[in-house]
$ cat coords_12.pdb   # PDB, C-alpha atoms and all ligand atoms
ATOM      1  CA  MET A   1      12.189  74.310  94.450
ATOM      2  CA  LYS A   2      13.274  77.427  96.320
ATOM      3  CA  LEU A   3      10.150  79.526  95.648
ATOM      4  CA  GLN A   4       7.461  76.885  95.122
ATOM      5  CA  ASP A   5       4.054  78.644  94.781
ATOM      6  CA  LYS A   6       5.388  81.952  96.132
ATOM      7  CA  VAL A   7       3.812  84.985  94.487
ATOM      8  CA  ALA A   8       6.316  87.619  93.369
ATOM      9  CA  ILE A   9       6.000  91.070  91.862
ATOM     10  CA  VAL A  10       9.093  92.041  89.850
ATOM     11  CA  THR A  11       9.323  95.596  88.522
ATOM     12  CA  GLY A  12      11.379  96.439  85.447
ATOM     13  CA  ALA A  13      10.874  92.806  84.431
ATOM     14  CA  GLY A  14      10.913  93.300  80.653
ATOM     15  CA  ARG A  15      14.663  93.189  80.114
ATOM     16  CA  GLY A  16      18.046  93.265  81.837
ATOM     17  CA  LEU A  17      18.204  92.289  85.498
ATOM     18  CA  GLY A  18      14.421  92.240  86.008
ATOM     19  CA  ARG A  19      13.974  89.726  83.190
ATOM     20  CA  SER A  20      16.737  87.512  84.609
ATOM     21  CA  VAL A  21      15.104  87.667  88.052
ATOM     22  CA  ALA A  22      11.670  86.802  86.635
ATOM     23  CA  LEU A  23      13.049  83.772  84.771
ATOM     24  CA  ALA A  24      15.101  82.605  87.772
ATOM     25  CA  PHE A  25      12.074  82.950  90.073
ATOM     26  CA  GLY A  26       9.830  81.117  87.585
ATOM     27  CA  ARG A  27      12.303  78.230  87.294
ATOM     28  CA  GLN A  28      12.140  77.932  91.096
ATOM     29  CA  GLY A  29       8.347  77.620  91.110
ATOM     30  CA  ALA A  30       7.221  81.217  91.758
ATOM     31  CA  LYS A  31       4.056  82.726  90.258
ATOM     32  CA  LEU A  32       4.917  86.068  88.719
ATOM     33  CA  ALA A  33       3.432  89.503  88.182
ATOM     34  CA  LEU A  34       5.725  91.324  85.760
ATOM     35  CA  ALA A  35       5.694  95.118  85.661
ATOM     36  CA  ALA A  36       7.322  97.694  83.390
ATOM     37  CA  LYS A  37       6.162 100.901  81.789
ATOM     38  CA  SER A  38       5.868  99.431  78.299
ATOM     39  CA  ARG A  39       3.913  96.273  77.498
ATOM     40  CA  GLU A  40       5.830  94.500  74.728
ATOM     41  CA  GLU A  41       8.851  93.257  76.662
ATOM     42  CA  ILE A  42       6.930  92.053  79.752
ATOM     43  CA  ASP A  43       4.459  90.275  77.468
ATOM     44  CA  GLN A  44       7.417  88.424  75.897
ATOM     45  CA  VAL A  45       8.858  87.437  79.285
ATOM     46  CA  ALA A  46       5.418  86.283  80.482
ATOM     47  CA  ALA A  47       5.013  84.206  77.299
ATOM     48  CA  GLN A  48       8.476  82.697  77.798
ATOM     49  CA  LEU A  49       7.562  81.725  81.385
ATOM     50  CA  ARG A  50       4.240  80.246  80.311
ATOM     51  CA  SER A  51       6.019  78.207  77.624
ATOM     52  CA  LEU A  52       7.981  76.677  80.534
ATOM     53  CA  ARG A  53       4.615  75.896  82.220
ATOM     54  CA  LYS A  54       5.082  78.665  84.788
ATOM     55  CA  GLU A  55       2.403  81.123  85.897
ATOM     56  CA  ALA A  56       3.036  84.714  84.826
ATOM     57  CA  ILE A  57       1.024  87.838  84.103
ATOM     58  CA  ALA A  58       2.273  91.071  82.552
ATOM     59  CA  ILE A  59       0.879  94.313  84.000
ATOM     60  CA  PRO A  60       2.099  97.523  82.337
ATOM     61  CA  THR A  61       2.823  99.941  85.197
ATOM     62  CA  ASP A  62       4.676 103.197  85.614
ATOM     63  CA  VAL A  63       6.097 102.546  89.075
ATOM     64  CA  SER A  64       6.415 106.265  89.767
ATOM     65  CA  ASP A  65       2.613 106.638  89.599
ATOM     66  CA  GLU A  66       0.688 105.750  92.771
ATOM     67  CA  ASP A  67      -2.582 104.822  91.048
ATOM     68  CA  GLN A  68      -0.795 102.512  88.601
ATOM     69  CA  VAL A  69       1.168 100.847  91.426
ATOM     70  CA  ASN A  70      -2.049 100.274  93.394
ATOM     71  CA  GLN A  71      -3.604  98.767  90.281
ATOM     72  CA  LEU A  72      -0.577  96.455  89.856
ATOM     73  CA  VAL A  73      -0.985  95.160  93.399
ATOM     74  CA  LYS A  74      -4.786  94.850  93.093
ATOM     75  CA  GLN A  75      -4.500  92.842  89.866
ATOM     76  CA  THR A  76      -1.815  90.593  91.377
ATOM     77  CA  LEU A  77      -4.036  89.884  94.392
ATOM     78  CA  GLU A  78      -7.062  89.233  92.160
ATOM     79  CA  THR A  79      -5.018  86.763  90.098
ATOM     80  CA  TYR A  80      -3.031  84.908  92.764
ATOM     81  CA  GLY A  81      -4.739  85.775  96.090
ATOM     82  CA  THR A  82      -1.570  86.848  97.909
ATOM     83  CA  ILE A  83       1.882  88.431  97.552
ATOM     84  CA  ASP A  84       5.015  86.949  99.133
ATOM     85  CA  ILE A  85       7.871  88.779  97.396
ATOM     86  CA  LEU A  86       8.406  92.260  95.983
ATOM     87  CA  VAL A  87      11.479  93.075  93.880
ATOM     88  CA  ASN A  88      11.851  96.817  93.304
ATOM     89  CA  ASN A  89      14.186  96.616  90.319
ATOM     90  CA  ALA A  90      12.831  99.215  87.849
ATOM     91  CA  GLY A  91      15.223 102.116  87.460
ATOM     92  CA  ALA A  92      16.430 104.749  85.033
ATOM     93  CA  ARG A  93      19.570 106.872  85.223
ATOM     94  CA  GLY A  94      18.101 110.156  84.003
ATOM     95  CA  PRO A  95      20.144 112.909  82.362
ATOM     96  CA  ILE A  96      23.927 113.225  82.706
ATOM     97  CA  GLY A  97      25.027 116.728  83.693
ATOM     98  CA  PRO A  98      26.108 119.017  86.510
ATOM     99  CA  ILE A  99      23.702 120.005  89.254
ATOM    100  CA  HIS A 100      23.777 123.702  88.319
ATOM    101  CA  SER A 101      22.124 122.877  85.007
ATOM    102  CA  THR A 102      19.781 120.127  86.272
ATOM    103  CA  SER A 103      16.127 121.149  86.124
ATOM    104  CA  LEU A 104      13.870 120.625  89.104
ATOM    105  CA  ALA A 105      11.613 118.544  86.850
ATOM    106  CA  ASP A 106      14.495 116.156  85.978
ATOM    107  CA  TRP A 107      15.590 115.929  89.627
ATOM    108  CA  GLU A 108      12.085 115.076  90.784
ATOM    109  CA  GLN A 109      11.490 112.604  87.962
ATOM    110  CA  VAL A 110      14.707 110.660  88.676
ATOM    111  CA  LEU A 111      13.873 110.498  92.393
ATOM    112  CA  ARG A 112      10.350 109.318  91.617
ATOM    113  CA  ILE A 113      11.512 106.499  89.346
ATOM    114  CA  ASN A 114      14.388 105.261  91.503
ATOM    115  CA  LEU A 115      13.258 105.968  95.071
ATOM    116  CA  THR A 116       9.604 106.986  95.419
ATOM    117  CA  SER A 117       8.641 103.946  93.327
ATOM    118  CA  ALA A 118      10.030 101.619  96.015
ATOM    119  CA  PHE A 119       8.038 103.481  98.679
ATOM    120  CA  LEU A 120       4.853 103.238  96.595
ATOM    121  CA  CYS A 121       5.276  99.530  95.809
ATOM    122  CA  ALA A 122       6.212  98.642  99.403
ATOM    123  CA  LYS A 123       3.291 100.640 100.789
ATOM    124  CA  ALA A 124       0.878  98.861  98.452
ATOM    125  CA  VAL A 125       2.045  95.298  99.236
ATOM    126  CA  LEU A 126       2.596  95.728 102.980
ATOM    127  CA  PRO A 127      -1.014  95.309 104.204
ATOM    128  CA  THR A 128      -1.006  91.806 102.648
ATOM    129  CA  MET A 129       2.446  90.886 103.974
ATOM    130  CA  MET A 130       1.750  92.304 107.450
ATOM    131  CA  GLU A 131      -1.508  90.399 107.716
ATOM    132  CA  LYS A 132       0.178  87.093 106.892
ATOM    133  CA  ARG A 133       3.271  88.069 108.920
ATOM    134  CA  ALA A 134       5.618  87.023 106.138
ATOM    135  CA  GLY A 135       7.291  88.656 103.186
ATOM    136  CA  LYS A 136      10.475  89.562 101.382
ATOM    137  CA  ILE A 137      11.261  92.906  99.801
ATOM    138  CA  ILE A 138      14.421  93.236  97.734
ATOM    139  CA  ASN A 139      15.424  96.644  96.408
ATOM    140  CA  VAL A 140      17.953  97.188  93.625
ATOM    141  CA  ALA A 141      20.270 100.134  94.258
ATOM    142  CA  THR A 142      23.785 100.712  92.933
ATOM    143  CA  THR A 143      27.323 101.352  94.169
ATOM    144  CA  LEU A 144      28.077 104.028  96.774
ATOM    145  CA  THR A 145      31.082 105.095  94.650
ATOM    146  CA  LEU A 146      30.726 108.768  93.726
ATOM    147  CA  ARG A 147      29.783 109.445  90.087
ATOM    148  CA  PRO A 148      29.845 113.140  89.210
ATOM    149  CA  ASN A 149      27.201 114.427  86.804
ATOM    150  CA  LEU A 150      24.894 111.565  87.711
ATOM    151  CA  THR A 151      23.892 113.070  91.034
ATOM    152  CA  PRO A 152      20.074 112.719  91.024
ATOM    153  CA  TYR A 153      20.357 108.989  90.187
ATOM    154  CA  MET A 154      23.138 108.316  92.703
ATOM    155  CA  VAL A 155      21.312 110.259  95.435
ATOM    156  CA  ALA A 156      18.064 108.405  94.719
ATOM    157  CA  LYS A 157      19.859 105.047  94.953
ATOM    158  CA  ALA A 158      21.664 106.063  98.167
ATOM    159  CA  GLY A 159      18.238 107.039  99.523
ATOM    160  CA  LEU A 160      16.933 103.634  98.477
ATOM    161  CA  ILE A 161      19.647 101.963 100.560
ATOM    162  CA  HIS A 162      18.645 103.937 103.655
ATOM    163  CA  PHE A 163      14.932 103.485 102.924
ATOM    164  CA  SER A 164      15.499  99.706 102.873
ATOM    165  CA  LYS A 165      17.300  99.766 106.225
ATOM    166  CA  GLN A 166      14.644 101.975 107.817
ATOM    167  CA  LEU A 167      11.852  99.751 106.525
ATOM    168  CA  SER A 168      13.602  96.605 107.780
ATOM    169  CA  ARG A 169      13.495  98.006 111.324
ATOM    170  CA  GLU A 170       9.823  98.974 111.032
ATOM    171  CA  LEU A 171       8.908  95.482 109.870
ATOM    172  CA  LYS A 172      11.151  93.213 111.894
ATOM    173  CA  ASP A 173       8.300  92.140 114.211
ATOM    174  CA  TYR A 174       6.235  91.109 111.189
ATOM    175  CA  ASN A 175       8.707  88.543 109.824
ATOM    176  CA  ILE A 176       9.159  90.653 106.699
ATOM    177  CA  GLN A 177      12.764  90.952 105.528
ATOM    178  CA  VAL A 178      13.881  93.989 103.526
ATOM    179  CA  ASN A 179      17.281  93.993 101.844
ATOM    180  CA  VAL A 180      18.958  96.069  99.166
ATOM    181  CA  ILE A 181      21.644  95.148  96.663
ATOM    182  CA  HIS A 182      24.205  96.609  94.304
ATOM    183  CA  PRO A 183      24.031  94.217  91.332
ATOM    184  CA  GLY A 184      27.487  95.113  89.955
ATOM    185  CA  VAL A 185      28.044  96.388  86.429
ATOM    186  CA  MET A 186      25.859  94.389  84.021
ATOM    187  CA  ASP A 187      25.602  94.131  80.251
ATOM    188  CA  THR A 188      22.103  95.604  79.855
ATOM    189  CA  ARG A 189      20.315  98.364  77.942
ATOM    190  CA  MET A 190      21.086 100.788  80.765
ATOM    191  CA  GLN A 191      24.828 100.122  80.318
ATOM    192  CA  GLU A 192      24.564 100.462  76.547
ATOM    193  CA  ASP A 193      22.795 103.812  76.975
ATOM    194  CA  ILE A 194      25.375 105.091  79.411
ATOM    195  CA  ARG A 195      28.252 104.127  77.099
ATOM    196  CA  LYS A 196      26.499 105.922  74.226
ATOM    197  CA  ALA A 197      26.032 109.028  76.379
ATOM    198  CA  GLY A 198      29.787 109.020  77.107
ATOM    199  CA  THR A 199      31.031 107.969  80.524
ATOM    200  CA  LYS A 200      33.949 110.466  80.802
ATOM    201  CA  ALA A 201      31.502 112.955  82.279
ATOM    202  CA  ILE A 202      30.769 110.602  85.168
ATOM    203  CA  GLY A 203      34.435 110.170  85.997
ATOM    204  CA  THR A 204      35.232 106.671  84.740
ATOM    205  CA  ASP A 205      36.025 104.808  81.523
ATOM    206  CA  MET A 206      35.502 101.491  83.332
ATOM    207  CA  PHE A 207      32.255 100.701  81.522
ATOM    208  CA  GLU A 208      33.807 100.968  78.022
ATOM    209  CA  ARG A 209      36.842  98.976  79.143
ATOM    210  CA  LEU A 210      34.761  96.148  80.625
ATOM    211  CA  LYS A 211      32.760  95.951  77.381
ATOM    212  CA  GLU A 212      35.870  96.015  75.164
ATOM    213  CA  GLU A 213      37.517  93.299  77.244
ATOM    214  CA  GLY A 214      34.346  91.162  77.046
ATOM    215  CA  ILE A 215      33.992  90.906  80.815
ATOM    216  CA  LEU A 216      30.825  92.916  81.352
ATOM    217  CA  GLY A 217      28.699  90.580  83.469
ATOM    218  CA  SER A 218      25.388  88.972  82.567
ATOM    219  CA  PRO A 219      22.417  90.032  84.732
ATOM    220  CA  ASP A 220      21.777  86.303  85.288
ATOM    221  CA  GLU A 221      24.527  86.301  87.942
ATOM    222  CA  PRO A 222      23.234  89.063  90.284
ATOM    223  CA  ALA A 223      19.739  87.610  89.720
ATOM    224  CA  LYS A 224      21.015  84.644  91.776
ATOM    225  CA  LEU A 225      21.626  87.013  94.711
ATOM    226  CA  ILE A 226      18.051  88.307  94.479
ATOM    227  CA  LEU A 227      16.765  84.713  94.280
ATOM    228  CA  PHE A 228      18.747  83.853  97.399
ATOM    229  CA  LEU A 229      17.353  86.884  99.299
ATOM    230  CA  ALA A 230      13.804  85.943  98.242
ATOM    231  CA  SER A 231      14.175  82.371  99.503
ATOM    232  CA  ASP A 232      13.731  80.867 102.985
ATOM    233  CA  ALA A 233      17.514  80.445 103.148
ATOM    234  CA  ALA A 234      17.758  84.207 103.732
ATOM    235  CA  ASP A 235      15.196  84.386 106.557
ATOM    236  CA  GLY A 236      17.931  85.559 108.938
ATOM    237  CA  ILE A 237      19.115  88.392 106.677
ATOM    238  CA  ASN A 238      17.360  91.722 107.212
ATOM    239  CA  GLY A 239      18.283  95.348 106.587
ATOM    240  CA  GLU A 240      21.488  94.505 104.707
ATOM    241  CA  TYR A 241      23.076  96.276 101.741
ATOM    242  CA  LEU A 242      24.815  93.520  99.766
ATOM    243  CA  SER A 243      27.069  94.150  96.806
ATOM    244  CA  PHE A 244      27.335  91.490  94.122
ATOM    245  CA  ASP A 245      30.983  92.585  93.727
ATOM    246  CA  ASP A 246      31.719  91.371  97.266
ATOM    247  CA  LYS A 247      33.537  87.993  97.306
ATOM    248  CA  GLU A 248      31.726  86.901 100.471
ATOM    249  CA  VAL A 249      28.371  87.596  98.820
ATOM    250  CA  LYS A 250      29.396  85.518  95.779
ATOM    251  CA  PHE A 251      30.439  82.716  98.158
ATOM    252  CA  LEU A 252      27.110  82.934 100.012
ATOM    253  CA  ILE A 253      25.086  82.397  96.847
ATOM    254  CA  SER A 254      27.410  79.760  95.369
ATOM    255  CA  ARG A 255      26.048  77.203  97.861
ATOM    256  CA  PRO A 256      23.312  74.932  96.416
TER     257      PRO A 256
HETATM  258  N1  LIG A 301      23.152  97.868  84.403
HETATM  259  C1  LIG A 301      23.986  98.130  85.406
HETATM  260  O1  LIG A 301      25.217  98.033  85.234
HETATM  261  C2  LIG A 301      23.460  98.544  86.752
HETATM  262  C3  LIG A 301      24.372  98.844  87.753
HETATM  263  C4  LIG A 301      23.895  99.187  89.018
HETATM  264  C5  LIG A 301      22.528  99.223  89.262
HETATM  265  N2  LIG A 301      21.656  98.954  88.251
HETATM  266  C6  LIG A 301      20.225  98.959  88.569
HETATM  267  O2  LIG A 301      19.678  97.695  88.250
HETATM  268  C7  LIG A 301      18.290  97.813  87.879
HETATM  269  C8  LIG A 301      18.045  97.134  86.549
HETATM  270  O3  LIG A 301      18.848  97.780  85.586
HETATM  271  P1  LIG A 301      19.063  97.222  84.103
HETATM  272  O4  LIG A 301      20.461  97.471  83.778
HETATM  273  O5  LIG A 301      18.481  95.860  83.983
HETATM  274  O6  LIG A 301      18.172  98.296  83.311
HETATM  275  P2  LIG A 301      17.398  98.238  81.905
HETATM  276  O7  LIG A 301      17.934  97.164  81.038
HETATM  277  O8  LIG A 301      17.369  99.628  81.403
HETATM  278  O9  LIG A 301      15.908  97.823  82.371
HETATM  279  C9  LIG A 301      15.171  98.691  83.180
HETATM  280  C10 LIG A 301      13.788  98.145  83.384
HETATM  281  O10 LIG A 301      13.069  99.080  84.207
HETATM  282  C11 LIG A 301      11.847  99.451  83.558
HETATM  283  N3  LIG A 301      11.470 100.812  83.937
HETATM  284  C12 LIG A 301      12.166 101.957  83.814
HETATM  285  N4  LIG A 301      11.436 103.012  84.263
HETATM  286  C13 LIG A 301      10.259 102.503  84.700
HETATM  287  C14 LIG A 301       9.080 103.056  85.263
HETATM  288  N5  LIG A 301       8.962 104.363  85.498
HETATM  289  N6  LIG A 301       8.065 102.231  85.571
HETATM  290  C15 LIG A 301       8.163 100.890  85.359
HETATM  291  N7  LIG A 301       9.235 100.314  84.821
HETATM  292  C16 LIG A 301      10.273 101.102  84.500
HETATM  293  C17 LIG A 301      12.155  99.285  82.067
HETATM  294  O11 LIG A 301      10.976  99.087  81.312
HETATM  295  P3  LIG A 301      10.312 100.227  80.383
HETATM  296  O12 LIG A 301      11.383 100.733  79.489
HETATM  297  O13 LIG A 301       9.201  99.537  79.704
HETATM  298  O14 LIG A 301       9.824 101.247  81.354
HETATM  299  C18 LIG A 301      12.996  98.011  82.089
HETATM  300  O15 LIG A 301      12.163  96.869  82.148
HETATM  301  C19 LIG A 301      17.998  99.326  87.874
HETATM  302  O16 LIG A 301      17.397  99.694  89.091
HETATM  303  C20 LIG A 301      19.386  99.948  87.771
HETATM  304  O17 LIG A 301      19.414 101.243  88.304
HETATM  305  C21 LIG A 301      22.081  98.617  87.002
END

$ encode --input "coords_12.pdb" --output "structure tokens"
Amino acid sequence: MKLQDKVAIVTGAGRGLGRSVALAFGRQGAKLALAAKSREEIDQVAAQLRSLRKEAIAIPTDVSDEDQVNQLVKQTLETYGTIDILVNNAGARGPIGPIHSTSLADWEQVLRINLTSAFLCAKAVLPTMMEKRAGKIINVATTLTLRPNLTPYMVAKAGLIHFSKQLSRELKDYNIQVNVIHPGVMDTRMQEDIRKAGTKAIGTDMFERLKEEGILGSPDEPAKLILFLASDAADGINGEYLSFDDKEVKFLISRP
């Protein structure tokens, strides 16, 4: 198995991509700490994993809160004794609207959830990974395509891409690989919400069209890219921004 006995923290693990990642990791032998703000969904995913005889704990955590993130890492270490993999997947798009009517509070909140959270989670797991001189951090960003009226979210995700590259350079002598992905457009709650909010404002009707045509992708597919990056097969990949929409990336993960 690709992740036999590896300990992984997955944020935003209650639904969508995070849930798919948690299940894919569990099937490959990982022991999981599942985080999300609300308890119910991560409890269900943990129960599903345990029914497959996999180890999983659910730890409700607001990843934008430093104390809660530190508690998540502490509880994971108390349960499993180490941490090998961190997947910073939790995210939220925030309000849709032009910058001139965006409040400072909304701006700061969206940056905290989508960017500062990755800093907080990385900072909390790094002492363990640096001591054992091994680790994988995978951050979930988005496309670099410009989306008007979604600026705080897009800026936070662009920052996450650069944060990942910076961190990869800081950690290269510790055998810790940091990579960041665009998972493509996926059929998840976030997509449903964005369609409800009306996507004309963000300059595309692509999301409605993909849904209508029945070709909006399952998060199970980009979860395979995250599984690949978490595995030993990706030891030589560090500081990369990989898009699931890229044919070469799909080829890379299609190998057994
Ligand atoms: N869907 C797409 O097409 C798409 C495209 C590009 C990038 N992405 C990115 O992919 C990732 C997963 O998206 P998704 O579509 O699977 O989203 P989703 O279905 O809305 O799930 C988001 C997950 O993040 C958790 N979350 C949100 N805010 C949190 C917080 N402050 N603290 C802890 N957990 C939090 C949610 O749990 P709670 O509700 O309990 O907090 C939920 O488990 C996100 O980073 C998103 O930006 C998605």

$ atom_distance --input "coords_12.pdb" --atom1 "atom O16 of ligand LIG 301 (chain A)" --atom2 "atom CA of A:Arg15"
11.4 Å

$ closest_atom_pairs --input "coords_12.pdb" --of "stretch 158-196 of chain A" --to "stretch 134-138 of chain A" --cutoff "8 Å" --atoms "all atoms listed in the file" --output "JSON lines"
{"residue": "A:Tyr174", "atom": "CA", "partner": "A:Ala134", "partner_atom": "CA", "distance": 6.5}
{"residue": "A:Asn175", "atom": "CA", "partner": "A:Ala134", "partner_atom": "CA", "distance": 5.0}
{"residue": "A:Ile176", "atom": "CA", "partner": "A:Gly135", "partner_atom": "CA", "distance": 4.5}
{"residue": "A:Gln177", "atom": "CA", "partner": "A:Lys136", "partner_atom": "CA", "distance": 4.9}
{"residue": "A:Val178", "atom": "CA", "partner": "A:Ile137", "partner_atom": "CA", "distance": 4.7}
{"residue": "A:Asn179", "atom": "CA", "partner": "A:Ile138", "partner_atom": "CA", "distance": 5.1}
{"residue": "A:Val180", "atom": "CA", "partner": "A:Ile138", "partner_atom": "CA", "distance": 5.5}
{"residue": "A:Ile181", "atom": "CA", "partner": "A:Ile138", "partner_atom": "CA", "distance": 7.5}

$ axis_aligned_box --input "coords_12.pdb" --around "stretch 39-51 of chain A" --padding-each-side "3 Å" --output "AutoDock Vina command-line options"
--center_x 6.4 --center_y 87.2 --center_z 78.1 --size_x 10.9 --size_y 24.1 --size_z 12.7

$ atom_distance --input "coords_12.pdb" --atom1 "atom CA of A:Thr116" --atom2 "atom CA of A:Ala56"
25.5 Å

$ closest_residue --input "coords_12.pdb" --among "A:Lys2, A:Lys37, A:Arg209, A:Lys200" --to "ligand LIG 301 (chain A)" --atoms "all atoms listed in the file"
A:Lys37

$ closest_residue --input "coords_12.pdb" --among "A:Ala156, A:Ala30, A:Ala105, A:Leu52" --to "ligand LIG 301 (chain A)" --atoms "only C-alpha atoms and all ligand atoms"
A:Ala156

$ residues_near_ligand --input "coords_12.pdb" --ligand "ligand LIG 301 (chain A)" --cutoff "9 Å" --atoms "all atoms listed in the file" --output "MDAnalysis selection string"
chainID A and resid 11:20 35:42 60:65 88:93 109 112:114 117 139:143 153 157 181:193 207 216:217 219

$ atom_distance --input "coords_12.pdb" --atom1 "atom CA of A:Ala33" --atom2 "atom CA of A:Arg50"
12.2 Å

$ resolve_selection --input "coords_12.pdb" --expression "the PyMOL selection byres (((chain A and resi 147) around 9) and not hetatm)" --output "list in words"
Leu144, Thr145, Leu146, Pro148, Asn149, Leu150, Thr151, Met154, Ala201, Ile202, Gly203 and Thr204 of chain A

$ closest_residue --input "coords_12.pdb" --among "A:Glu240, A:Asp232, A:Glu213, A:Glu55" --to "A:Leu167" --atoms "all atoms listed in the file"
A:Glu240

$ closest_residue --input "coords_12.pdb" --among "A:Glu66, A:Asp220, A:Glu108, A:Glu208" --to "A:Leu23" --atoms "all atoms listed in the file"
A:Asp220

$ closest_residue --input "coords_12.pdb" --among "A:Ser218, A:Asp235, A:Asn70, A:Met1" --to "A:Lys123" --atoms "only C-alpha atoms"
A:Asn70

$ residues_around --input "coords_12.pdb" --residues "A:Arg255" --least-positions-apart "5" --cutoff "12 Å" --atoms "all atoms listed in the file" --output "PyMOL selection string"
chain A and resi 224-225+228+233+248-250

$ resolve_selection --input "coords_12.pdb" --expression "the PyMOL selection byres (((chain A and resi 32) around 12) and not hetatm)" --output "PDB file with C-alpha atoms, keeping the file's coordinate frame"
ATOM      1  CA  LEU A   3      10.150  79.526  95.648  1.00  0.00           C
ATOM      2  CA  GLN A   4       7.461  76.885  95.122  1.00  0.00           C
ATOM      3  CA  ASP A   5       4.054  78.644  94.781  1.00  0.00           C
ATOM      4  CA  LYS A   6       5.388  81.952  96.132  1.00  0.00           C
ATOM      5  CA  VAL A   7       3.812  84.985  94.487  1.00  0.00           C
ATOM      6  CA  ALA A   8       6.316  87.619  93.369  1.00  0.00           C
ATOM      7  CA  ILE A   9       6.000  91.070  91.862  1.00  0.00           C
ATOM      8  CA  VAL A  10       9.093  92.041  89.850  1.00  0.00           C
ATOM      9  CA  THR A  11       9.323  95.596  88.522  1.00  0.00           C
ATOM     10  CA  ALA A  13      10.874  92.806  84.431  1.00  0.00           C
ATOM     11  CA  GLY A  18      14.421  92.240  86.008  1.00  0.00           C
ATOM     12  CA  ARG A  19      13.974  89.726  83.190  1.00  0.00           C
ATOM     13  CA  VAL A  21      15.104  87.667  88.052  1.00  0.00           C
ATOM     14  CA  ALA A  22      11.670  86.802  86.635  1.00  0.00           C
ATOM     15  CA  LEU A  23      13.049  83.772  84.771  1.00  0.00           C
ATOM     16  CA  ALA A  24      15.101  82.605  87.772  1.00  0.00           C
ATOM     17  CA  PHE A  25      12.074  82.950  90.073  1.00  0.00           C
ATOM     18  CA  GLY A  26       9.830  81.117  87.585  1.00  0.00           C
ATOM     19  CA  ARG A  27      12.303  78.230  87.294  1.00  0.00           C
ATOM     20  CA  GLN A  28      12.140  77.932  91.096  1.00  0.00           C
ATOM     21  CA  GLY A  29       8.347  77.620  91.110  1.00  0.00           C
ATOM     22  CA  ALA A  30       7.221  81.217  91.758  1.00  0.00           C
ATOM     23  CA  LYS A  31       4.056  82.726  90.258  1.00  0.00           C
ATOM     24  CA  ALA A  33       3.432  89.503  88.182  1.00  0.00           C
ATOM     25  CA  LEU A  34       5.725  91.324  85.760  1.00  0.00           C
ATOM     26  CA  ALA A  35       5.694  95.118  85.661  1.00  0.00           C
ATOM     27  CA  ILE A  42       6.930  92.053  79.752  1.00  0.00           C
ATOM     28  CA  VAL A  45       8.858  87.437  79.285  1.00  0.00           C
ATOM     29  CA  ALA A  46       5.418  86.283  80.482  1.00  0.00           C
ATOM     30  CA  ALA A  47       5.013  84.206  77.299  1.00  0.00           C
ATOM     31  CA  GLN A  48       8.476  82.697  77.798  1.00  0.00           C
ATOM     32  CA  LEU A  49       7.562  81.725  81.385  1.00  0.00           C
ATOM     33  CA  ARG A  50       4.240  80.246  80.311  1.00  0.00           C
ATOM     34  CA  LYS A  54       5.082  78.665  84.788  1.00  0.00           C
ATOM     35  CA  GLU A  55       2.403  81.123  85.897  1.00  0.00           C
ATOM     36  CA  ALA A  56       3.036  84.714  84.826  1.00  0.00           C
ATOM     37  CA  ILE A  57       1.024  87.838  84.103  1.00  0.00           C
ATOM     38  CA  ALA A  58       2.273  91.071  82.552  1.00  0.00           C
ATOM     39  CA  ILE A  59       0.879  94.313  84.000  1.00  0.00           C
ATOM     40  CA  LEU A  72      -0.577  96.455  89.856  1.00  0.00           C
ATOM     41  CA  VAL A  73      -0.985  95.160  93.399  1.00  0.00           C
ATOM     42  CA  GLN A  75      -4.500  92.842  89.866  1.00  0.00           C
ATOM     43  CA  THR A  76      -1.815  90.593  91.377  1.00  0.00           C
ATOM     44  CA  LEU A  77      -4.036  89.884  94.392  1.00  0.00           C
ATOM     45  CA  THR A  79      -5.018  86.763  90.098  1.00  0.00           C
ATOM     46  CA  TYR A  80      -3.031  84.908  92.764  1.00  0.00           C
ATOM     47  CA  THR A  82      -1.570  86.848  97.909  1.00  0.00           C
ATOM     48  CA  ILE A  83       1.882  88.431  97.552  1.00  0.00           C
ATOM     49  CA  ASP A  84       5.015  86.949  99.133  1.00  0.00           C
ATOM     50  CA  ILE A  85       7.871  88.779  97.396  1.00  0.00           C
ATOM     51  CA  LEU A  86       8.406  92.260  95.983  1.00  0.00           C
ATOM     52  CA  VAL A  87      11.479  93.075  93.880  1.00  0.00           C
TER      53      VAL A  87
END

$ closest_residue --input "coords_12.pdb" --among "A:Leu126, A:Ala197, A:Ala158, A:Val69" --to "A:Pro95" --atoms "only C-alpha atoms"
A:Ala197
